[in-house]
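*Asks:* Input file: structure-v6.csv. Contents: CSV, N, CA and C atoms and all ligand atoms.
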chain,number,residue,atom,x,y,z
A,4,MET,N,0.8,-1.2,0.0
A,4,MET,CA,0.0,0.0,0.0
A,4,MET,C,0.9,1.3,0.0
A,5,LYS,N,2.1,1.2,0.5
A,5,LYS,CA,2.9,2.3,0.6
A,5,LYS,C,3.3,2.7,-0.9
A,6,ILE,N,3.4,1.8,-1.8
A,6,ILE,CA,3.8,2.1,-3.2
A,6,ILE,C,2.8,3.0,-3.8
A,7,ILE,N,1.5,2.8,-3.5
A,7,ILE,CA,0.5,3.7,-4.1
A,7,ILE,C,0.7,5.1,-3.7
A,8,GLY,N,1.0,5.3,-2.4
A,8,GLY,CA,1.3,6.6,-1.9
A,8,GLY,C,2.5,7.3,-2.6
A,9,ILE,N,3.5,6.5,-2.8
A,9,ILE,CA,4.7,7.0,-3.5
A,9,ILE,C,4.3,7.3,-5.0
A,10,LEU,N,3.5,6.5,-5.6
A,10,LEU,CA,3.1,6.8,-7.0
A,10,LEU,C,2.3,8.1,-7.1
A,11,PHE,N,1.4,8.3,-6.2
A,11,PHE,CA,0.6,9.5,-6.2
A,11,PHE,C,1.5,10.7,-6.0
A,12,LEU,N,2.5,10.6,-5.0
A,12,LEU,CA,3.4,11.7,-4.7
A,12,LEU,C,4.2,12.0,-5.9
A,13,VAL,N,4.8,11.0,-6.6
A,13,VAL,CA,5.6,11.2,-7.8
A,13,VAL,C,4.8,11.9,-8.9
A,14,ALA,N,3.5,11.4,-9.1
A,14,ALA,CA,2.6,11.9,-10.1
A,14,ALA,C,2.3,13.4,-9.8
A,15,GLY,N,2.1,13.7,-8.5
A,15,GLY,CA,1.9,15.1,-8.1
A,15,GLY,C,3.1,16.0,-8.4
A,16,VAL,N,4.3,15.5,-8.1
A,16,VAL,CA,5.5,16.3,-8.4
A,16,VAL,C,5.7,16.5,-9.9
A,17,ILE,N,5.5,15.5,-10.7
A,17,ILE,CA,5.6,15.6,-12.1
A,17,ILE,C,4.6,16.6,-12.7
A,18,LEU,N,3.4,16.5,-12.2
A,18,LEU,CA,2.3,17.4,-12.7
A,18,LEU,C,2.6,18.8,-12.3
A,19,ALA,N,3.2,19.0,-11.1
A,19,ALA,CA,3.5,20.3,-10.6
A,19,ALA,C,4.6,20.9,-11.5
A,20,ILE,N,5.7,20.1,-11.8
A,20,ILE,CA,6.8,20.6,-12.6
A,20,ILE,C,6.3,21.0,-14.0
A,21,TYR,N,5.4,20.1,-14.5
A,21,TYR,CA,4.8,20.4,-15.9
A,21,TYR,C,4.0,21.6,-15.8
A,22,GLY,N,3.2,21.8,-14.8
A,22,GLY,CA,2.4,23.0,-14.7
A,22,GLY,C,3.2,24.3,-14.6
A,23,MET,N,4.3,24.2,-13.8
A,23,MET,CA,5.1,25.4,-13.6
A,23,MET,C,5.9,25.8,-14.9
A,24,MET,N,6.3,24.7,-15.6
A,24,MET,CA,7.0,25.0,-16.9
A,24,MET,C,6.2,25.3,-18.1
A,25,MET,N,4.8,25.2,-17.9
A,25,MET,CA,3.9,25.4,-19.0
A,25,MET,C,4.0,26.8,-19.5
A,26,ASP,N,4.0,26.9,-20.9
A,26,ASP,CA,4.0,28.2,-21.5
A,26,ASP,C,2.6,28.8,-21.5
A,27,THR,N,2.5,30.0,-20.9
A,27,THR,CA,1.2,30.6,-20.8
A,27,THR,C,1.0,31.8,-21.8
A,28,SER,N,2.0,31.9,-22.7
A,28,SER,CA,1.9,33.0,-23.7
A,28,SER,C,1.4,32.4,-25.0
A,29,LEU,N,0.8,33.3,-25.8
A,29,LEU,CA,0.2,32.8,-27.1
A,29,LEU,C,1.4,32.6,-28.1
A,30,PRO,N,1.2,31.7,-29.0
A,30,PRO,CA,2.3,31.5,-30.0
A,30,PRO,C,2.6,32.8,-30.8
A,31,TYR,N,3.8,33.0,-31.1
A,31,TYR,CA,4.3,34.2,-31.9
A,31,TYR,C,4.1,35.5,-31.1
A,32,SER,N,3.9,35.4,-29.8
A,32,SER,CA,3.8,36.7,-29.1
A,32,SER,C,4.2,36.4,-27.6
A,33,ASN,N,4.5,37.5,-26.9
A,33,ASN,CA,4.9,37.3,-25.5
A,33,ASN,C,3.7,37.7,-24.5
A,34,VAL,N,2.5,37.8,-25.1
A,34,VAL,CA,1.4,38.2,-24.3
A,34,VAL,C,0.9,37.1,-23.4
A,35,TYR,N,0.7,37.4,-22.1
A,35,TYR,CA,0.2,36.4,-21.1
A,35,TYR,C,-1.3,36.1,-21.5
A,36,ASN,N,-1.6,34.8,-21.6
A,36,ASN,CA,-3.0,34.4,-22.0
A,36,ASN,C,-3.7,34.0,-20.7
A,37,LEU,N,-4.8,34.6,-20.4
A,37,LEU,CA,-5.6,34.3,-19.2
A,37,LEU,C,-6.1,32.9,-19.2
A,38,SER,N,-6.6,32.4,-20.3
A,38,SER,CA,-7.1,31.0,-20.3
A,38,SER,C,-6.0,30.0,-20.0
A,39,LEU,N,-4.8,30.2,-20.7
A,39,LEU,CA,-3.7,29.3,-20.4
A,39,LEU,C,-3.2,29.4,-19.0
A,40,GLY,N,-3.2,30.7,-18.5
A,40,GLY,CA,-2.8,30.9,-17.1
A,40,GLY,C,-3.7,30.2,-16.1
A,41,ALA,N,-5.1,30.2,-16.4
A,41,ALA,CA,-6.0,29.5,-15.5
A,41,ALA,C,-5.8,28.0,-15.6
A,42,ARG,N,-5.5,27.5,-16.8
A,42,ARG,CA,-5.2,26.1,-16.9
A,42,ARG,C,-3.9,25.7,-16.1
A,43,GLN,N,-2.9,26.6,-16.1
A,43,GLN,CA,-1.7,26.3,-15.4
A,43,GLN,C,-2.0,26.3,-13.9
A,44,GLN,N,-2.9,27.3,-13.5
A,44,GLN,CA,-3.2,27.4,-12.0
A,44,GLN,C,-4.0,26.1,-11.6
A,45,ASN,N,-4.9,25.6,-12.4
A,45,ASN,CA,-5.7,24.4,-12.1
A,45,ASN,C,-4.7,23.2,-12.0
A,46,LEU,N,-3.8,23.1,-12.9
A,46,LEU,CA,-2.8,22.0,-12.9
A,46,LEU,C,-2.0,22.0,-11.6
A,47,ILE,N,-1.5,23.2,-11.2
A,47,ILE,CA,-0.7,23.3,-10.0
A,47,ILE,C,-1.6,22.9,-8.8
A,48,ILE,N,-2.8,23.4,-8.7
A,48,ILE,CA,-3.7,23.0,-7.6
A,48,ILE,C,-4.0,21.5,-7.6
A,49,ALA,N,-4.3,20.9,-8.8
A,49,ALA,CA,-4.5,19.5,-8.9
A,49,ALA,C,-3.3,18.7,-8.4
A,50,SER,N,-2.1,19.1,-8.8
A,50,SER,CA,-0.9,18.4,-8.5
A,50,SER,C,-0.6,18.5,-7.0
A,51,GLY,N,-1.0,19.6,-6.4
A,51,GLY,CA,-0.9,19.8,-4.9
A,51,GLY,C,-1.8,18.8,-4.2
A,52,PHE,N,-3.0,18.6,-4.7
A,52,PHE,CA,-4.0,17.7,-4.0
A,52,PHE,C,-3.5,16.2,-4.2
A,53,LEU,N,-3.0,15.9,-5.4
A,53,LEU,CA,-2.5,14.6,-5.8
A,53,LEU,C,-1.3,14.3,-4.8
A,54,GLY,N,-0.4,15.2,-4.7
A,54,GLY,CA,0.8,15.0,-3.8
A,54,GLY,C,0.4,14.9,-2.4
A,55,LEU,N,-0.6,15.6,-2.0
A,55,LEU,CA,-1.1,15.5,-0.6
A,55,LEU,C,-1.7,14.2,-0.3
A,56,ILE,N,-2.5,13.7,-1.2
A,56,ILE,CA,-3.2,12.4,-1.1
A,56,ILE,C,-2.1,11.3,-1.0
A,57,GLY,N,-1.1,11.4,-1.9
A,57,GLY,CA,0.1,10.5,-1.9
A,57,GLY,C,0.8,10.5,-0.6
A,58,LEU,N,1.1,11.7,-0.1
A,58,LEU,CA,1.8,11.8,1.2
A,58,LEU,C,1.0,11.2,2.4
A,59,ILE,N,-0.3,11.4,2.4
A,59,ILE,CA,-1.1,10.9,3.5
A,59,ILE,C,-1.2,9.4,3.4
A,60,ALA,N,-1.4,8.8,2.1
A,60,ALA,CA,-1.4,7.4,1.9
A,60,ALA,C,-0.1,6.8,2.3
A,61,PHE,N,1.0,7.4,2.0
A,61,PHE,CA,2.3,6.9,2.3
A,61,PHE,C,2.5,6.8,3.8
A,62,ILE,N,2.1,7.9,4.5
A,62,ILE,CA,2.3,7.9,6.0
A,62,ILE,C,1.4,7.0,6.7
A,63,LYS,N,0.1,6.9,6.3
A,63,LYS,CA,-0.9,6.1,7.0
A,63,LYS,C,-1.0,4.7,6.6
A,64,ALA,N,-0.4,4.3,5.5
A,64,ALA,CA,-0.5,2.9,5.0
A,64,ALA,C,0.3,2.0,6.0
A,65,PRO,N,-0.3,0.9,6.5
A,65,PRO,CA,0.4,0.0,7.4
A,65,PRO,C,1.5,-0.8,6.6
A,66,THR,N,2.6,-1.1,7.3
A,66,THR,CA,3.7,-1.8,6.7
A,66,THR,C,3.4,-3.3,6.6
A,67,ALA,N,4.1,-4.0,5.7
A,67,ALA,CA,3.8,-5.4,5.4
A,67,ALA,C,4.0,-6.2,6.7
A,68,ASP,N,5.0,-5.8,7.6
A,68,ASP,CA,5.2,-6.4,8.8
A,68,ASP,C,4.0,-6.3,9.8
A,69,LYS,N,3.4,-5.2,9.8
A,69,LYS,CA,2.3,-4.9,10.7
A,69,LYS,C,1.1,-5.8,10.2
A,70,ILE,N,0.9,-5.9,8.9
A,70,ILE,CA,-0.2,-6.7,8.4
A,70,ILE,C,0.0,-8.2,8.7
A,71,GLU,N,1.2,-8.6,8.6
A,71,GLU,CA,1.6,-10.0,8.8
A,71,GLU,C,1.4,-10.4,10.2
A,72,ASN,N,1.7,-9.5,11.2
A,72,ASN,CA,1.6,-9.9,12.6
A,72,ASN,C,0.3,-9.4,13.3
A,73,SER,N,-0.8,-9.3,12.5
A,73,SER,CA,-2.0,-8.9,13.1
A,73,SER,C,-3.2,-9.9,12.8
A,74,LYS,N,-4.1,-10.0,13.7
A,74,LYS,CA,-5.3,-10.8,13.5
A,74,LYS,C,-6.5,-10.1,14.1
A,75,LYS,N,-7.7,-10.6,13.8
A,75,LYS,CA,-8.9,-10.0,14.4
A,75,LYS,C,-9.3,-10.7,15.7
A,76,CYS,N,-9.7,-9.9,16.6
A,76,CYS,CA,-10.2,-10.5,17.9
A,76,CYS,C,-11.5,-11.2,17.6
A,77,LYS,N,-11.7,-12.4,18.2
A,77,LYS,CA,-12.9,-13.2,18.0
A,77,LYS,C,-14.1,-12.6,18.6
A,78,PHE,N,-13.9,-11.7,19.6
A,78,PHE,CA,-15.0,-11.1,20.4
A,78,PHE,C,-15.4,-9.7,19.9
A,79,CYS,N,-14.5,-8.9,19.6
A,79,CYS,CA,-14.8,-7.5,19.3
A,79,CYS,C,-14.4,-7.1,17.8
A,80,ALA,N,-13.8,-8.0,17.1
A,80,ALA,CA,-13.4,-7.9,15.7
A,80,ALA,C,-12.4,-6.7,15.5
A,81,GLU,N,-11.7,-6.3,16.5
A,81,GLU,CA,-10.7,-5.3,16.4
A,81,GLU,C,-9.3,-6.0,16.0
A,82,THR,N,-8.5,-5.3,15.3
A,82,THR,CA,-7.2,-5.8,14.9
A,82,THR,C,-6.2,-5.8,16.1
A,83,ILE,N,-5.6,-7.0,16.4
A,83,ILE,CA,-4.6,-7.1,17.5
A,83,ILE,C,-3.4,-7.9,17.0
A,84,ASN,N,-2.4,-7.9,17.8
A,84,ASN,CA,-1.2,-8.7,17.4
A,84,ASN,C,-1.5,-10.2,17.5
A,85,THR,N,-0.8,-11.0,16.6
A,85,THR,CA,-1.0,-12.4,16.6
A,85,THR,C,-0.6,-13.1,17.9
A,86,LYS,N,0.5,-12.5,18.6
A,86,LYS,CA,1.0,-13.1,19.8
A,86,LYS,C,0.2,-12.7,21.0
A,87,ALA,N,-0.7,-11.8,20.9
A,87,ALA,CA,-1.5,-11.3,22.0
A,87,ALA,C,-2.3,-12.4,22.6
A,88,SER,N,-2.3,-12.5,24.0
A,88,SER,CA,-3.1,-13.5,24.6
A,88,SER,C,-4.4,-12.8,25.2
A,89,ILE,N,-4.3,-11.5,25.4
A,89,ILE,CA,-5.5,-10.7,25.8
A,89,ILE,C,-5.7,-9.6,24.8
A,90,CYS,N,-7.0,-9.4,24.4
A,90,CYS,CA,-7.3,-8.3,23.5
A,90,CYS,C,-7.1,-6.9,24.2
A,91,LYS,N,-6.5,-6.0,23.5
A,91,LYS,CA,-6.2,-4.7,24.1
A,91,LYS,C,-7.5,-3.8,24.0
A,92,HIS,N,-8.5,-4.2,23.2
A,92,HIS,CA,-9.7,-3.4,23.1
A,92,HIS,C,-10.8,-3.8,24.0
A,93,CYS,N,-11.1,-5.1,24.1
A,93,CYS,CA,-12.1,-5.6,24.9
A,93,CYS,C,-11.7,-6.3,26.2
A,94,GLY,N,-10.4,-6.7,26.2
A,94,GLY,CA,-9.8,-7.3,27.4
A,94,GLY,C,-10.1,-8.8,27.6
A,95,LYS,N,-10.7,-9.4,26.6
A,95,LYS,CA,-11.0,-10.8,26.6
A,95,LYS,C,-9.8,-11.7,26.3
A,96,GLU,N,-9.7,-12.8,26.9
A,96,GLU,CA,-8.6,-13.7,26.7
A,96,GLU,C,-8.8,-14.4,25.3
A,97,GLN,N,-7.7,-14.4,24.5
A,97,GLN,CA,-7.8,-15.0,23.2
A,97,GLN,C,-7.6,-16.5,23.2
A,98,PRO,N,-8.4,-17.2,22.4
A,98,PRO,CA,-8.2,-18.7,22.4
A,98,PRO,C,-6.9,-19.1,21.8
A,99,ILE,N,-6.3,-20.1,22.4
A,99,ILE,CA,-4.9,-20.5,21.9
A,99,ILE,C,-5.0,-21.3,20.6
A,100,ALA,N,-4.2,-20.9,19.7
A,100,ALA,CA,-4.1,-21.6,18.4
A,100,ALA,C,-3.7,-23.0,18.5
A,101,GLU,N,-4.1,-23.9,17.6
A,101,GLU,CA,-3.8,-25.4,17.7
A,101,GLU,C,-2.3,-25.6,17.8
A,102,GLU,N,-1.5,-24.9,16.9
A,102,GLU,CA,0.0,-25.1,16.9
A,102,GLU,C,0.6,-24.7,18.2
A,103,LYS,N,0.0,-23.7,18.9
A,103,LYS,CA,0.5,-23.2,20.2
A,103,LYS,C,0.2,-24.3,21.2
A,104,LYS,N,-1.0,-24.9,21.1
A,104,LYS,CA,-1.4,-25.9,22.1
A,104,LYS,C,-0.4,-27.1,22.0
A,105,LEU,N,0.0,-27.4,20.7
A,105,LEU,CA,0.9,-28.6,20.5
A,105,LEU,C,2.3,-28.3,21.1
A,106,MET,N,2.7,-27.0,20.9
A,106,MET,CA,4.0,-26.6,21.5
A,106,MET,C,4.0,-26.7,23.0
A,107,ILE,N,2.9,-26.3,23.6
A,107,ILE,CA,2.8,-26.4,25.1
A,107,ILE,C,2.8,-27.9,25.5
A,108,TRP,N,2.1,-28.7,24.8
A,108,TRP,CA,2.0,-30.2,25.1
A,108,TRP,C,3.4,-30.8,24.9
A,109,LEU,N,4.1,-30.4,23.9
A,109,LEU,CA,5.4,-31.0,23.6
A,109,LEU,C,6.4,-30.6,24.7
A,110,LYS,N,6.3,-29.4,25.3
A,110,LYS,CA,7.2,-29.0,26.4
A,110,LYS,C,7.0,-29.8,27.7
A,111,LYS,N,5.8,-30.4,27.9
A,111,LYS,CA,5.5,-31.1,29.1
A,111,LYS,C,6.4,-32.3,29.3
B,1,ZN,ZN,-11.4,-7.8,21.5
Would you mind writing the file out in C-alpha cells?
*Replies:*
Amino acid sequence: MKIIGILFLVAGVILAIYGMMMDTSLPYSNVYNLSLGARQQNLIIASGFLGLIGLIAFIKAPTADKIENSKKCKFCAETINTKASICKHCGKEQPIAEEKKLMIWLKK
C-alpha cells in the first residue's frame, strides 16, 4: 500500500513541474494568456492535491510487517497482534491456536 502513496506523490510532483514549466503565452507573441494561465493554475492546484493524497497514503499505510503480525479479535473484531493473549480493546482472553497448544503439550 505504501507504493500507491509513492506513485501519487511522484505523479503530483511531475504534474507540478509540468504546470510550472507550462508556456502561458500565445504562440508568436509574449502576451500572457488568461485562459492558459487559468489552466496552469488548475494544474498546479490538482498536483498539490495529488501530492497531498500520496503523502497521506504513504504515512498512513500499514507496513507489510504490521499486516503479517495482526489478527482480528474473535469477540470485538478489532485488529490485534497475533502473539497477544489478551485483546487490548475488549480485554477478553484470546483462544490459543492449535499449533501453540501442540508446542505447550510438547514442552511437558
Ligand atoms: Zn477484543
*Asks:* Which chains and residue numbers are within 12 Å of ligand ZN 1 (chain B), counting only C-alpha atoms and all ligand atoms, if I want them as a list in words?
*Replies:* Lys74, Lys75, Cys76, Lys77, Phe78, Cys79, Ala80, Glu81, Thr82, Ile83, Asn84, Ala87, Ser88, Ile89, Cys90, Lys91, His92, Cys93, Gly94, Lys95, Glu96, Gln97 and Pro98 of chain A
*Asks:* Write out as a tab-separated table a residue-level contact list of region 30-102 of chain A versus region 9-17 of chain A with cut-off 6 Å: for each qualifying residue the closest pair of atoms and the distance in Å to one decimal, counting all atoms listed in the file, rows sorted by chain and residue number upward.
*Replies:*
residue	atom	partner	partner_atom	distance
A:Ser50	CA	A:Gly15	CA	4.3
A:Gly51	N	A:Gly15	CA	5.6
A:Leu53	C	A:Gly15	CA	4.7
A:Gly54	N	A:Gly15	CA	4.1
A:Gly57	CA	A:Leu12	N	3.9
A:Leu58	N	A:Leu12	CA	5.1
A:Phe61	CA	A:Ile9	N	5.3
*Asks:* Between atom C of Lys86 (chain A) and atom N of Leu105 (chain A), what is the distance, to one decimal in Å?
*Replies:*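 About the pair atom C of Lys86 (chain A) and atom N of Leu105 (chain A): they are 14.7 Å apart.
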*Asks:* DSSP on the backbone: what in chain A comes out strand (DSSP E), as a PyMOL selection string?
*Replies:* chain A and resi 73-75+82-84
*Asks:* Determine the nearest neighbour of Leu18 (chain A) from the options A:Ile99, A:Met4, A:Ile47, A:Met106, counting only C-alpha atoms.
*Replies:*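 Among the listed residues, the smallest separation from Leu18 (chain A) belongs to A:Ile47.
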*Asks:* Run DSSP on the backbone and grab whatever in chain A lands in helix (DSSP H, G or I); send it over as a ChimeraX atom specification.
*Replies:* /A:5-24,37-63,67-71,101-110
*Asks:* Which distance in Å separates CA of Leu109 (chain A) and CA of Thr85 (chain A), to one decimal?
*Replies:*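 That distance, rounded to one decimal, is 20.9 Å.
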*Asks:* Calculate how many Å separate CA of Gly22 (chain A) from CA of Ala60 (chain A), rounding to one decimal.
*Replies:*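 So the two atoms, CA of Gly22 (chain A) and CA of Ala60 (chain A), lie 23.1 Å apart.
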